[in-house]
file structure.json (JSON, C-alpha atoms and all ligand atoms)
[["chain", "number", "residue", "atom", "x", "y", "z"],
["A", 51, "MET", "CA", 103.28, 84.83, 104.61],
["A", 52, "ASP", "CA", 103.15, 88.31, 106.13],
["A", 53, "LYS", "CA", 99.98, 88.37, 108.22],
["A", 54, "ASN", "CA", 99.09, 91.81, 106.85],
["A", 55, "PHE", "CA", 99.48, 90.85, 103.19],
["A", 56, "GLN", "CA", 98.15, 87.48, 102.11],
["A", 57, "ARG", "CA", 96.94, 88.13, 98.57],
["A", 58, "LYS", "CA", 97.67, 85.98, 95.54],
["A", 59, "ASP", "CA", 97.62, 88.98, 93.16],
["A", 60, "LEU", "CA", 98.18, 92.74, 93.20],
["A", 61, "LEU", "CA", 95.53, 94.11, 90.86],
["A", 62, "GLY", "CA", 94.87, 97.59, 92.23],
["A", 63, "ILE", "CA", 94.86, 99.87, 95.24],
["A", 64, "ARG", "CA", 91.06, 100.22, 95.36],
["A", 65, "ASN", "CA", 90.57, 96.91, 97.20],
["A", 66, "LEU", "CA", 93.58, 97.11, 99.52],
["A", 67, "SER", "CA", 93.21, 98.03, 103.16],
["A", 68, "ALA", "CA", 95.27, 100.80, 104.75],
["A", 69, "ASP", "CA", 97.14, 98.08, 106.70],
["A", 70, "GLU", "CA", 98.03, 96.22, 103.50],
["A", 71, "ILE", "CA", 99.32, 99.45, 101.94],
["A", 72, "LYS", "CA", 101.38, 100.18, 105.05],
["A", 73, "THR", "CA", 102.85, 96.66, 104.97],
["A", 74, "LEU", "CA", 103.85, 97.12, 101.33],
["A", 75, "LEU", "CA", 105.49, 100.47, 102.14],
["A", 76, "GLN", "CA", 107.30, 99.15, 105.23],
["A", 77, "THR", "CA", 108.60, 96.17, 103.25],
["A", 78, "ALA", "CA", 109.76, 98.49, 100.45],
["A", 79, "ASP", "CA", 111.67, 100.48, 103.04],
["A", 80, "THR", "CA", 113.63, 97.37, 104.06],
["A", 81, "PHE", "CA", 114.64, 96.76, 100.43],
["A", 82, "ARG", "CA", 115.75, 100.32, 99.67],
["A", 83, "ASP", "CA", 119.30, 99.80, 100.81],
["A", 84, "VAL", "CA", 119.88, 96.76, 98.58],
["A", 85, "SER", "CA", 120.21, 99.02, 95.53],
["A", 86, "ARG", "CA", 122.77, 101.18, 97.33],
["A", 87, "ARG", "CA", 125.11, 98.28, 98.15],
["A", 88, "GLU", "CA", 128.17, 97.30, 96.14],
["A", 89, "VAL", "CA", 126.60, 93.86, 95.55],
["A", 90, "LYS", "CA", 122.97, 94.64, 94.75],
["A", 91, "LYS", "CA", 121.51, 91.22, 95.37],
["A", 92, "VAL", "CA", 119.78, 89.24, 98.14],
["A", 93, "PRO", "CA", 118.73, 85.58, 97.91],
["A", 94, "ALA", "CA", 115.08, 86.12, 98.99],
["A", 95, "LEU", "CA", 113.48, 84.80, 95.76],
["A", 96, "ARG", "CA", 116.06, 82.23, 94.73],
["A", 97, "GLY", "CA", 114.37, 79.52, 92.63],
["A", 98, "LYS", "CA", 111.35, 81.70, 91.76],
["A", 99, "THR", "CA", 110.47, 82.76, 88.20],
["A", 100, "VAL", "CA", 109.04, 86.17, 87.28],
["A", 101, "ILE", "CA", 107.66, 86.96, 83.79],
["A", 102, "ASN", "CA", 107.22, 90.51, 82.45],
["A", 103, "LEU", "CA", 104.36, 90.59, 79.92],
["A", 104, "PHE", "CA", 103.97, 94.14, 78.59],
["A", 105, "PHE", "CA", 101.46, 94.89, 75.82],
["A", 106, "GLU", "CA", 102.15, 98.65, 76.12],
["A", 107, "ASN", "CA", 105.41, 100.56, 76.08],
["A", 108, "SER", "CA", 107.29, 101.14, 79.31],
["A", 109, "THR", "CA", 110.70, 102.30, 80.46],
["A", 110, "ARG", "CA", 110.44, 102.67, 84.24],
["A", 111, "THR", "CA", 107.95, 99.96, 85.23],
["A", 112, "ARG", "CA", 109.31, 97.16, 83.04],
["A", 113, "THR", "CA", 112.96, 97.83, 83.82],
["A", 114, "SER", "CA", 112.38, 98.19, 87.54],
["A", 115, "PHE", "CA", 110.32, 94.98, 87.77],
["A", 116, "GLU", "CA", 113.09, 93.13, 85.91],
["A", 117, "LEU", "CA", 115.79, 94.63, 88.15],
["A", 118, "ALA", "CA", 113.67, 93.99, 91.26],
["A", 119, "ALA", "CA", 113.34, 90.31, 90.35],
["A", 120, "LYS", "CA", 117.08, 90.02, 89.62],
["A", 121, "ARG", "CA", 118.10, 91.81, 92.82],
["A", 122, "LEU", "CA", 115.96, 89.30, 94.74],
["A", 123, "SER", "CA", 117.75, 86.44, 92.87],
["A", 124, "ALA", "CA", 114.63, 85.35, 90.95],
["A", 125, "ASP", "CA", 114.86, 84.25, 87.31],
["A", 126, "ALA", "CA", 113.38, 87.09, 85.25],
["A", 127, "VAL", "CA", 111.99, 86.66, 81.73],
["A", 128, "ASN", "CA", 110.80, 89.53, 79.49],
["A", 129, "ILE", "CA", 108.26, 88.66, 76.80],
["A", 130, "SER", "CA", 108.43, 90.96, 73.83],
["A", 131, "VAL", "CA", 104.83, 91.01, 72.64],
["A", 132, "SER", "CA", 105.79, 92.08, 69.10],
["A", 133, "THR", "CA", 107.90, 88.92, 68.61],
["A", 134, "SER", "CA", 105.60, 86.58, 70.58],
["A", 135, "SER", "CA", 102.72, 84.50, 69.21],
["A", 136, "VAL", "CA", 100.38, 87.37, 70.15],
["A", 137, "ALA", "CA", 101.51, 88.83, 66.80],
["A", 138, "LYS", "CA", 100.10, 85.67, 65.11],
["A", 139, "GLY", "CA", 96.70, 86.25, 66.68],
["A", 140, "GLU", "CA", 96.94, 84.24, 69.92],
["A", 141, "THR", "CA", 94.53, 85.62, 72.51],
["A", 142, "ILE", "CA", 95.79, 87.21, 75.72],
["A", 143, "LEU", "CA", 94.09, 84.48, 77.75],
["A", 144, "ASP", "CA", 95.74, 81.71, 75.71],
["A", 145, "THR", "CA", 99.09, 83.46, 76.01],
["A", 146, "ALA", "CA", 98.69, 83.70, 79.77],
["A", 147, "MET", "CA", 97.58, 80.07, 80.16],
["A", 148, "ASN", "CA", 100.54, 78.87, 78.07],
["A", 149, "LEU", "CA", 102.94, 80.91, 80.19],
["A", 150, "ASP", "CA", 101.24, 79.58, 83.32],
["A", 151, "ALA", "CA", 101.85, 76.02, 82.11],
["A", 152, "MET", "CA", 105.59, 76.73, 82.50],
["A", 153, "ALA", "CA", 104.95, 77.29, 86.23],
["A", 154, "PRO", "CA", 106.20, 80.83, 86.80],
["A", 155, "HIS", "CA", 105.52, 82.24, 90.27],
["A", 156, "ILE", "CA", 104.61, 85.78, 89.20],
["A", 157, "ILE", "CA", 103.43, 87.32, 85.89],
["A", 158, "ILE", "CA", 103.57, 91.12, 85.61],
["A", 159, "VAL", "CA", 101.09, 92.46, 83.08],
["A", 160, "ARG", "CA", 100.63, 95.82, 81.40],
["A", 161, "HIS", "CA", 97.80, 96.19, 78.89],
["A", 162, "GLY", "CA", 95.94, 99.02, 77.18],
["A", 163, "SER", "CA", 92.54, 97.67, 78.25],
["A", 164, "ALA", "CA", 91.16, 98.00, 81.77],
["A", 165, "GLY", "CA", 90.59, 94.68, 83.54],
["A", 166, "VAL", "CA", 93.02, 92.47, 81.59],
["A", 167, "PRO", "CA", 95.17, 91.63, 84.68],
["A", 168, "HIS", "CA", 91.97, 90.79, 86.59],
["A", 169, "GLN", "CA", 90.92, 88.34, 83.81],
["A", 170, "LEU", "CA", 94.35, 86.70, 83.80],
["A", 171, "ALA", "CA", 94.31, 86.39, 87.60],
["A", 172, "LYS", "CA", 91.19, 84.19, 87.30],
["A", 173, "VAL", "CA", 92.87, 81.62, 85.04],
["A", 174, "SER", "CA", 96.46, 81.75, 86.24],
["A", 175, "ARG", "CA", 98.03, 79.83, 89.12],
["A", 176, "ALA", "CA", 100.85, 82.39, 89.09],
["A", 177, "SER", "CA", 100.40, 85.64, 91.00],
["A", 178, "ILE", "CA", 99.41, 88.45, 88.65],
["A", 179, "VAL", "CA", 100.70, 92.00, 89.17],
["A", 180, "ASN", "CA", 98.93, 94.85, 87.40],
["A", 181, "ALA", "CA", 101.63, 97.07, 85.88],
["A", 182, "GLY", "CA", 98.99, 99.40, 84.40],
["A", 183, "ASP", "CA", 95.67, 98.46, 82.75],
["A", 184, "GLY", "CA", 94.26, 101.10, 80.42],
["A", 185, "SER", "CA", 92.95, 104.06, 82.39],
["A", 186, "ASN", "CA", 92.05, 101.89, 85.37],
["A", 187, "GLU", "CA", 94.91, 101.41, 87.86],
["A", 188, "HIS", "CA", 98.70, 101.42, 88.23],
["A", 189, "PRO", "CA", 99.12, 100.21, 91.81],
["A", 190, "THR", "CA", 102.92, 100.11, 92.01],
["A", 191, "GLN", "CA", 103.12, 103.71, 90.74],
["A", 192, "ALA", "CA", 100.86, 104.87, 93.58],
["A", 193, "LEU", "CA", 102.93, 102.88, 96.08],
["A", 194, "LEU", "CA", 106.20, 104.43, 94.88],
["A", 195, "ASP", "CA", 104.60, 107.87, 94.92],
["A", 196, "ALA", "CA", 103.49, 107.23, 98.52],
["A", 197, "MET", "CA", 106.99, 106.07, 99.46],
["A", 198, "THR", "CA", 108.47, 109.24, 97.94],
["A", 199, "ILE", "CA", 105.98, 111.42, 99.83],
["A", 200, "LYS", "CA", 106.56, 109.61, 103.14],
["A", 201, "GLU", "CA", 110.32, 109.84, 102.74],
["A", 202, "HIS", "CA", 110.20, 113.62, 102.25],
["A", 203, "LYS", "CA", 107.18, 114.62, 104.33],
["A", 204, "GLY", "CA", 107.30, 112.02, 107.11],
["A", 205, "GLU", "CA", 103.59, 111.18, 107.08],
["A", 206, "ILE", "CA", 100.83, 111.09, 104.46],
["A", 207, "LEU", "CA", 98.07, 111.73, 107.01],
["A", 208, "GLY", "CA", 96.92, 115.35, 106.85],
["A", 209, "LEU", "CA", 98.82, 116.36, 103.70],
["A", 210, "ASN", "CA", 97.22, 118.38, 100.88],
["A", 211, "VAL", "CA", 98.00, 116.71, 97.57],
["A", 212, "ALA", "CA", 97.21, 118.42, 94.24],
["A", 213, "ILE", "CA", 96.90, 116.17, 91.18],
["A", 214, "LEU", "CA", 96.95, 118.17, 87.95],
["A", 215, "GLY", "CA", 96.18, 117.51, 84.31],
["A", 216, "ASP", "CA", 94.65, 114.61, 82.41],
["A", 217, "ILE", "CA", 92.71, 113.02, 85.28],
["A", 218, "LEU", "CA", 90.22, 111.22, 83.02],
["A", 219, "HIS", "CA", 92.74, 108.94, 81.30],
["A", 220, "SER", "CA", 95.08, 108.51, 84.25],
["A", 221, "ARG", "CA", 95.48, 105.14, 85.95],
["A", 222, "VAL", "CA", 98.13, 106.86, 88.06],
["A", 223, "ALA", "CA", 95.54, 109.35, 89.36],
["A", 224, "ARG", "CA", 93.01, 106.59, 90.12],
["A", 225, "SER", "CA", 95.47, 104.48, 92.11],
["A", 226, "ASN", "CA", 96.84, 107.55, 93.88],
["A", 227, "VAL", "CA", 93.43, 108.93, 94.85],
["A", 228, "HIS", "CA", 92.52, 105.58, 96.41],
["A", 229, "LEU", "CA", 95.84, 105.24, 98.22],
["A", 230, "LEU", "CA", 96.17, 108.81, 99.46],
["A", 231, "THR", "CA", 92.60, 109.04, 100.78],
["A", 232, "LYS", "CA", 92.94, 105.64, 102.53],
["A", 233, "LEU", "CA", 96.05, 106.99, 104.29],
["A", 234, "GLY", "CA", 94.35, 110.23, 105.33],
["A", 235, "ALA", "CA", 95.56, 112.84, 102.80],
["A", 236, "THR", "CA", 93.26, 115.45, 101.28],
["A", 237, "VAL", "CA", 93.42, 115.24, 97.49],
["A", 238, "ARG", "CA", 92.50, 118.04, 95.07],
["A", 239, "VAL", "CA", 92.33, 117.36, 91.34],
["A", 240, "ALA", "CA", 92.17, 119.89, 88.50],
["A", 241, "GLY", "CA", 92.62, 120.09, 84.75],
["A", 242, "PRO", "CA", 90.72, 121.01, 81.59],
["A", 243, "ASN", "CA", 87.00, 120.44, 82.27],
["A", 244, "PRO", "CA", 86.55, 117.54, 79.83],
["A", 245, "LEU", "CA", 89.54, 115.76, 81.41],
["A", 246, "VAL", "CA", 88.19, 115.83, 84.99],
["A", 247, "PRO", "CA", 85.29, 113.42, 85.70],
["A", 248, "ASN", "CA", 82.65, 114.85, 88.07],
["A", 249, "ASP", "CA", 82.60, 111.89, 90.43],
["A", 250, "PHE", "CA", 86.16, 110.71, 90.18],
["A", 251, "CYS", "CA", 86.57, 107.27, 91.84],
["A", 252, "GLY", "CA", 83.34, 107.88, 93.80],
["A", 253, "LEU", "CA", 85.45, 109.72, 96.38],
["A", 254, "VAL", "CA", 84.28, 113.33, 95.97],
["A", 255, "ASN", "CA", 83.65, 114.70, 99.49],
["A", 256, "ASN", "CA", 85.39, 111.63, 100.94],
["A", 257, "GLY", "CA", 88.87, 113.08, 100.93],
["A", 258, "LEU", "CA", 88.72, 114.23, 97.28],
["A", 259, "THR", "CA", 87.78, 117.67, 95.91],
["A", 260, "ILE", "CA", 87.41, 118.61, 92.24],
["A", 261, "CYS", "CA", 88.82, 122.13, 91.82],
["A", 262, "PRO", "CA", 87.65, 124.51, 89.09],
["A", 263, "THR", "CA", 91.17, 125.70, 88.28],
["A", 264, "ILE", "CA", 94.76, 124.50, 88.57],
["A", 265, "GLU", "CA", 95.41, 127.53, 90.81],
["A", 266, "ASP", "CA", 92.68, 126.43, 93.28],
["A", 267, "ALA", "CA", 94.19, 122.96, 93.53],
["A", 268, "LEU", "CA", 97.70, 124.34, 94.04],
["A", 269, "GLU", "CA", 96.80, 126.71, 96.89],
["A", 270, "ASN", "CA", 98.77, 125.57, 99.98],
["A", 271, "ALA", "CA", 99.55, 122.14, 98.55],
["A", 272, "ASP", "CA", 102.23, 120.02, 100.25],
["A", 273, "VAL", "CA", 102.59, 117.74, 97.24],
["A", 274, "VAL", "CA", 102.02, 118.59, 93.56],
["A", 275, "MET", "CA", 101.61, 115.63, 91.23],
["A", 276, "VAL", "CA", 101.61, 116.48, 87.53],
["A", 277, "LEU", "CA", 100.15, 113.99, 85.05],
["A", 278, "ARG", "CA", 101.18, 113.29, 81.50],
["A", 279, "ILE", "CA", 98.82, 114.33, 78.72],
["A", 280, "GLN", "CA", 97.93, 110.92, 77.29],
["A", 281, "LYS", "CA", 97.57, 111.69, 73.60],
["A", 282, "GLU", "CA", 97.42, 107.99, 72.79],
["A", 283, "ARG", "CA", 94.16, 107.58, 74.75],
["A", 284, "MET", "CA", 92.42, 110.67, 73.31],
["A", 285, "ASN", "CA", 89.96, 110.22, 70.46],
["A", 286, "ASP", "CA", 88.37, 113.65, 70.94],
["A", 287, "ALA", "CA", 89.79, 117.16, 71.13],
["A", 288, "PHE", "CA", 89.81, 117.70, 74.90],
["A", 289, "PHE", "CA", 91.60, 121.07, 74.62],
["A", 290, "PRO", "CA", 92.42, 123.31, 71.65],
["A", 291, "THR", "CA", 96.21, 122.99, 71.29],
["A", 292, "MET", "CA", 99.24, 121.81, 73.28],
["A", 293, "ARG", "CA", 100.41, 125.42, 73.42],
["A", 294, "GLU", "CA", 97.17, 126.50, 75.09],
["A", 295, "TYR", "CA", 97.37, 123.52, 77.43],
["A", 296, "SER", "CA", 100.81, 124.61, 78.60],
["A", 297, "ILE", "CA", 99.63, 128.21, 79.07],
["A", 298, "TYR", "CA", 96.47, 127.42, 81.07],
["A", 299, "TYR", "CA", 97.28, 124.11, 82.79],
["A", 300, "GLY", "CA", 101.06, 123.59, 82.76],
["A", 301, "LEU", "CA", 103.00, 123.66, 86.05],
["A", 302, "THR", "CA", 105.32, 126.66, 85.81],
["A", 303, "LYS", "CA", 107.57, 128.17, 88.48],
["A", 304, "ASP", "CA", 105.05, 130.98, 88.98],
["A", 305, "ARG", "CA", 102.13, 128.61, 89.50],
["A", 306, "LEU", "CA", 104.19, 126.47, 91.89],
["A", 307, "LYS", "CA", 104.53, 129.55, 94.16],
["A", 308, "LEU", "CA", 100.85, 129.03, 95.10],
["A", 309, "ALA", "CA", 101.79, 125.77, 96.85],
["A", 310, "LYS", "CA", 103.60, 125.69, 100.22],
["A", 311, "SER", "CA", 107.19, 126.90, 100.05],
["A", 312, "ASP", "CA", 108.44, 123.36, 100.84],
["A", 313, "ALA", "CA", 106.04, 121.62, 98.44],
["A", 314, "ILE", "CA", 107.43, 118.67, 96.50],
["A", 315, "VAL", "CA", 106.76, 118.02, 92.81],
["A", 316, "LEU", "CA", 106.11, 114.54, 91.41],
["A", 317, "HIS", "CA", 105.52, 113.26, 87.88],
["A", 318, "PRO", "CA", 105.14, 109.55, 87.03],
["A", 319, "GLY", "CA", 106.94, 109.94, 83.69],
["A", 320, "PRO", "CA", 107.33, 109.97, 80.81],
["A", 321, "MET", "CA", 107.13, 113.78, 80.87],
["A", 322, "ASN", "CA", 106.00, 116.10, 78.09],
["A", 323, "ARG", "CA", 108.46, 118.86, 78.98],
["A", 324, "GLY", "CA", 107.12, 122.32, 78.26],
["A", 325, "ILE", "CA", 103.52, 121.06, 78.10],
["A", 326, "GLU", "CA", 102.24, 119.76, 81.46],
["A", 327, "ILE", "CA", 105.45, 120.74, 83.30],
["A", 328, "ALA", "CA", 108.06, 123.42, 82.62],
["A", 329, "SER", "CA", 111.63, 122.15, 82.40],
["A", 330, "ASP", "CA", 112.83, 124.46, 85.17],
["A", 331, "VAL", "CA", 110.23, 122.91, 87.51],
["A", 332, "ALA", "CA", 110.98, 119.32, 86.42],
["A", 333, "ASP", "CA", 114.69, 119.90, 87.05],
["A", 334, "GLY", "CA", 114.24, 122.29, 89.98],
["A", 335, "SER", "CA", 114.93, 121.85, 93.69],
["A", 336, "SER", "CA", 111.31, 120.86, 94.51],
["A", 337, "SER", "CA", 111.29, 118.03, 91.99],
["A", 338, "LEU", "CA", 111.56, 114.43, 93.23],
["A", 339, "ILE", "CA", 110.94, 112.85, 89.85],
["A", 340, "LEU", "CA", 114.11, 110.74, 89.83],
["A", 341, "ASN", "CA", 113.64, 109.82, 93.51],
["A", 342, "GLN", "CA", 110.30, 108.34, 92.46],
["A", 343, "VAL", "CA", 112.13, 106.07, 90.04],
["A", 344, "GLU", "CA", 114.59, 104.99, 92.75],
["A", 345, "TYR", "CA", 111.78, 104.16, 95.20],
["A", 346, "GLY", "CA", 109.95, 102.32, 92.40],
["A", 347, "LEU", "CA", 112.60, 99.62, 92.45],
["A", 348, "ALA", "CA", 112.23, 99.10, 96.23],
["A", 349, "VAL", "CA", 108.43, 99.03, 95.95],
["A", 350, "ARG", "CA", 108.57, 96.42, 93.19],
["A", 351, "MET", "CA", 110.99, 94.29, 95.21],
["A", 352, "ALA", "CA", 108.50, 94.46, 98.09],
["A", 353, "VAL", "CA", 105.58, 93.46, 95.85],
["A", 354, "LEU", "CA", 107.45, 90.46, 94.39],
["A", 355, "TYR", "CA", 108.66, 89.45, 97.83],
["A", 356, "LEU", "CA", 105.26, 89.66, 99.57],
["A", 357, "LEU", "CA", 103.44, 87.87, 96.73],
["A", 358, "SER", "CA", 106.05, 85.10, 96.93],
["A", 359, "GLY", "CA", 105.29, 84.39, 100.54],
["A", 360, "GLY", "CA", 107.06, 87.15, 102.41],
["A", 361, "ASN", "CA", 108.86, 86.13, 105.56],
["A", 362, "GLU", "CA", 108.88, 82.42, 104.60],
["A", 363, "ASN", "CA", 111.80, 83.19, 102.24],
["A", 364, "LYS", "CA", 113.59, 86.05, 103.89],
["A", 365, "GLU", "CA", 117.36, 85.59, 104.08],
["A", 366, "GLN", "CA", 119.22, 88.87, 103.78],
["B", 1, "LIG", "N1", 105.34, 105.71, 85.19],
["B", 1, "LIG", "C1", 105.37, 104.70, 84.31],
["B", 1, "LIG", "O1", 104.53, 103.79, 84.34],
["B", 1, "LIG", "O2", 106.39, 104.78, 83.40],
["B", 1, "LIG", "P1", 106.63, 103.75, 82.24],
["B", 1, "LIG", "O3", 105.47, 103.87, 81.27],
["B", 1, "LIG", "O4", 107.94, 104.14, 81.62],
["B", 1, "LIG", "O5", 106.67, 102.37, 82.83]]
call {"tool": "encode", "arguments": {"input": "structure.json", "output": "structure tokens"}}
result
Amino acid sequence: MDKNFQRKDLLGIRNLSADEIKTLLQTADTFRDVSRREVKKVPALRGKTVINLFFENSTRTRTSFELAAKRLSADAVNISVSTSSVAKGETILDTAMNLDAMAPHIIIVRHGSAGVPHQLAKVSRASIVNAGDGSNEHPTQALLDAMTIKEHKGEILGLNVAILGDILHSRVARSNVHLLTKLGATVRVAGPNPLVPNDFCGLVNNGLTICPTIEDALENADVVMVLRIQKERMNDAFFPTMREYSIYYGLTKDRLKLAKSDAIVLHPGPMNRGIEIASDVADGSSSLILNQVEYGLAVRMAVLYLLSGGNENKEQ
């Protein structure tokens, strides 16, 4: 085991130490080149089994966990919830315990309710990875965002990071606020009033500032992270119309000029083009949105590797 990362599960960023985060990022760095080789495979997890159990839709996270497992030579299994016995009424806990009986090493879980991965971690011998639980956390997204920032800015310490949009429903924002403040960044969040909780993550004045306007958050930012409007989690009308949202809160080229001239733009995807982000910003020279996806694979390889025992297995 890596002495700086000895956990059974990865359930969130909130409870990780700065050293654990740094170990995850350093390990991800060592795996980055595997995906650039002609033969994109190392034997590090030969004989291990990884199960993807996604109760919510995903393109990036599910595919990159599957590819990460395969590039580490693990056996990877994807459970399609719609054709599993969940559709016959089996509980999540029973599903997890039945999968656990087949002795996988790691189960990756995405669910629409906060806390589901934490419940499964209590009953499962396999390591559980949280791939997004409701509005709570999405730890591997924050890690890949951090890797993208480090790669392009050198250090996270001392950076001004603006997080814009639907803060309330965003597990990406929660994991990022915890990670970025632990590593010494200053984080400013802004969005429509009803979508920005007053005491977000309990970190206001501890590295986090709630800004009254998008423009305030953008002023002199080194990093601009735009969040997706999560229509599927909104039961109330949080803003009048999508058109008004794009006018008052969308990241346009003009608004981006408020940030530093070398500011980078991130978005976790999937994007609502023309709503929270203008297409010419998403596709522009400041955008690192596809780099985020590339680093996501390396981060997920690192997570699978460290949860499987780290250096005990390393043969590259
Ligand atoms: N960022 C992210 O979690 O994307 P997916 O929903 O496609 O996995």
call {"tool": "residues_around", "arguments": {"input": "structure.json", "residues": "Ser185 in chain A", "least_positions_apart": "2", "cutoff": "12 Å", "atoms": "only C-alpha atoms", "output": "PDB file with C-alpha atoms, keeping the file's coordinate frame"}}
result
ATOM      1  CA  GLY A  62      94.870  97.590  92.230  1.00  0.00           C
ATOM      2  CA  ARG A 160     100.630  95.820  81.400  1.00  0.00           C
ATOM      3  CA  HIS A 161      97.800  96.190  78.890  1.00  0.00           C
ATOM      4  CA  GLY A 162      95.940  99.020  77.180  1.00  0.00           C
ATOM      5  CA  SER A 163      92.540  97.670  78.250  1.00  0.00           C
ATOM      6  CA  ALA A 164      91.160  98.000  81.770  1.00  0.00           C
ATOM      7  CA  GLY A 165      90.590  94.680  83.540  1.00  0.00           C
ATOM      8  CA  VAL A 166      93.020  92.470  81.590  1.00  0.00           C
ATOM      9  CA  ALA A 181     101.630  97.070  85.880  1.00  0.00           C
ATOM     10  CA  GLY A 182      98.990  99.400  84.400  1.00  0.00           C
ATOM     11  CA  ASP A 183      95.670  98.460  82.750  1.00  0.00           C
ATOM     12  CA  GLU A 187      94.910 101.410  87.860  1.00  0.00           C
ATOM     13  CA  HIS A 188      98.700 101.420  88.230  1.00  0.00           C
ATOM     14  CA  PRO A 189      99.120 100.210  91.810  1.00  0.00           C
ATOM     15  CA  ASP A 216      94.650 114.610  82.410  1.00  0.00           C
ATOM     16  CA  ILE A 217      92.710 113.020  85.280  1.00  0.00           C
ATOM     17  CA  LEU A 218      90.220 111.220  83.020  1.00  0.00           C
ATOM     18  CA  HIS A 219      92.740 108.940  81.300  1.00  0.00           C
ATOM     19  CA  SER A 220      95.080 108.510  84.250  1.00  0.00           C
ATOM     20  CA  ARG A 221      95.480 105.140  85.950  1.00  0.00           C
ATOM     21  CA  VAL A 222      98.130 106.860  88.060  1.00  0.00           C
ATOM     22  CA  ALA A 223      95.540 109.350  89.360  1.00  0.00           C
ATOM     23  CA  ARG A 224      93.010 106.590  90.120  1.00  0.00           C
ATOM     24  CA  SER A 225      95.470 104.480  92.110  1.00  0.00           C
ATOM     25  CA  CYS A 251      86.570 107.270  91.840  1.00  0.00           C
ATOM     26  CA  GLN A 280      97.930 110.920  77.290  1.00  0.00           C
ATOM     27  CA  GLU A 282      97.420 107.990  72.790  1.00  0.00           C
ATOM     28  CA  ARG A 283      94.160 107.580  74.750  1.00  0.00           C
ATOM     29  CA  MET A 284      92.420 110.670  73.310  1.00  0.00           C
TER      30      MET A 284
END
call {"tool": "residues_near_ligand", "arguments": {"input": "structure.json", "ligand": "ligand LIG 1 (chain B)", "cutoff": "7 Å", "atoms": "only C-alpha atoms and all ligand atoms", "output": "list in words"}}
result
Asn107, Ser108, Thr109, Arg110, Thr111, Arg112, Gln191, Pro318, Gly319 and Pro320 of chain A
call {"tool": "write_last_selection", "arguments": {"input": "structure.json", "atoms": "C-alpha atoms", "output": "mmCIF file, keeping the file's coordinate frame"}}
result
data_model
loop_
_atom_site.group_PDB
_atom_site.id
_atom_site.type_symbol
_atom_site.label_atom_id
_atom_site.label_comp_id
_atom_site.auth_asym_id
_atom_site.auth_seq_id
_atom_site.Cartn_x
_atom_site.Cartn_y
_atom_site.Cartn_z
ATOM 1 C CA ASN A 107 105.410 100.560 76.080
ATOM 2 C CA SER A 108 107.290 101.140 79.310
ATOM 3 C CA THR A 109 110.700 102.300 80.460
ATOM 4 C CA ARG A 110 110.440 102.670 84.240
ATOM 5 C CA THR A 111 107.950 99.960 85.230
ATOM 6 C CA ARG A 112 109.310 97.160 83.040
ATOM 7 C CA GLN A 191 103.120 103.710 90.740
ATOM 8 C CA PRO A 318 105.140 109.550 87.030
ATOM 9 C CA GLY A 319 106.940 109.940 83.690
ATOM 10 C CA PRO A 320 107.330 109.970 80.810
#
call {"tool": "residues_around", "arguments": {"input": "structure.json", "residues": "Ile213 in chain A", "least_positions_apart": "4", "cutoff": "8 Å", "atoms": "all atoms listed in the file", "output": "list in words"}}
result
Ile217, Ala223, Val237, Arg238, Val239, Ala240, Ala267, Val274, Met275, Val276 and Leu277 of chain A
call {"tool": "residues_around", "arguments": {"input": "structure.json", "residues": "range 133-144 of chain A", "least_positions_apart": "3", "cutoff": "8 Å", "atoms": "all atoms listed in the file", "output": "PDB file with C-alpha atoms, in the frame of the given file"}}
result
ATOM      1  CA  ILE A 129     108.260  88.660  76.800  1.00  0.00           C
ATOM      2  CA  SER A 130     108.430  90.960  73.830  1.00  0.00           C
ATOM      3  CA  MET A 147      97.580  80.070  80.160  1.00  0.00           C
ATOM      4  CA  ASN A 148     100.540  78.870  78.070  1.00  0.00           C
ATOM      5  CA  GLN A 169      90.920  88.340  83.810  1.00  0.00           C
ATOM      6  CA  LEU A 170      94.350  86.700  83.800  1.00  0.00           C
ATOM      7  CA  VAL A 173      92.870  81.620  85.040  1.00  0.00           C
TER       8      VAL A 173
END
call {"tool": "atom_distance", "arguments": {"input": "structure.json", "atom1": "CA of Gln76 in chain A", "atom2": "CA of Pro154 in chain A"}}
result
26.0 Å
call {"tool": "atom_distance", "arguments": {"input": "structure.json", "atom1": "CA of Thr190 in chain A", "atom2": "CA of Leu338 in chain A"}}
result
16.8 Å
call {"tool": "closest_residue", "arguments": {"input": "structure.json", "among": "A:Asn128, A:Ser296, A:Ser177, A:Thr231", "to": "Glu326 in chain A", "atoms": "all atoms listed in the file"}}
result
A:Ser296
call {"tool": "closest_residue", "arguments": {"input": "structure.json", "among": "A:Leu316, A:Ala332, A:Ile327, A:Leu354", "to": "Ile178 in chain A", "atoms": "only C-alpha atoms"}}
result
A:Leu354
call {"tool": "atom_distance", "arguments": {"input": "structure.json", "atom1": "CA of Val343 in chain A", "atom2": "CA of Ala146 in chain A"}}
result
28.0 Å
call {"tool": "residues_around", "arguments": {"input": "structure.json", "residues": "Ile297 in chain A", "least_positions_apart": "5", "cutoff": "9 Å", "atoms": "only C-alpha atoms", "output": "list in words"}}
result
Met292, Thr302 and Ile325 of chain A
call {"tool": "decode", "arguments": {"input": "structure.json", "residues": "range 254-264 of chain A", "atoms": "C-alpha atoms", "output": "CSV table (one decimal), in the first residue's frame"}}
result
chain,number,residue,atom,x,y,z
A,254,VAL,CA,-17.4,30.5,3.7
A,255,ASN,CA,-14.5,32.7,5.0
A,256,ASN,CA,-12.2,29.6,5.0
A,257,GLY,CA,-11.0,29.9,1.5
A,258,LEU,CA,-14.5,30.3,0.0
A,259,THR,CA,-16.4,33.5,-0.9
A,260,ILE,CA,-20.0,33.8,-2.1
A,261,CYS,CA,-20.1,36.6,-4.7
A,262,PRO,CA,-23.3,38.6,-5.4
A,263,THR,CA,-22.7,38.5,-9.2
A,264,ILE,CA,-21.0,36.4,-11.8
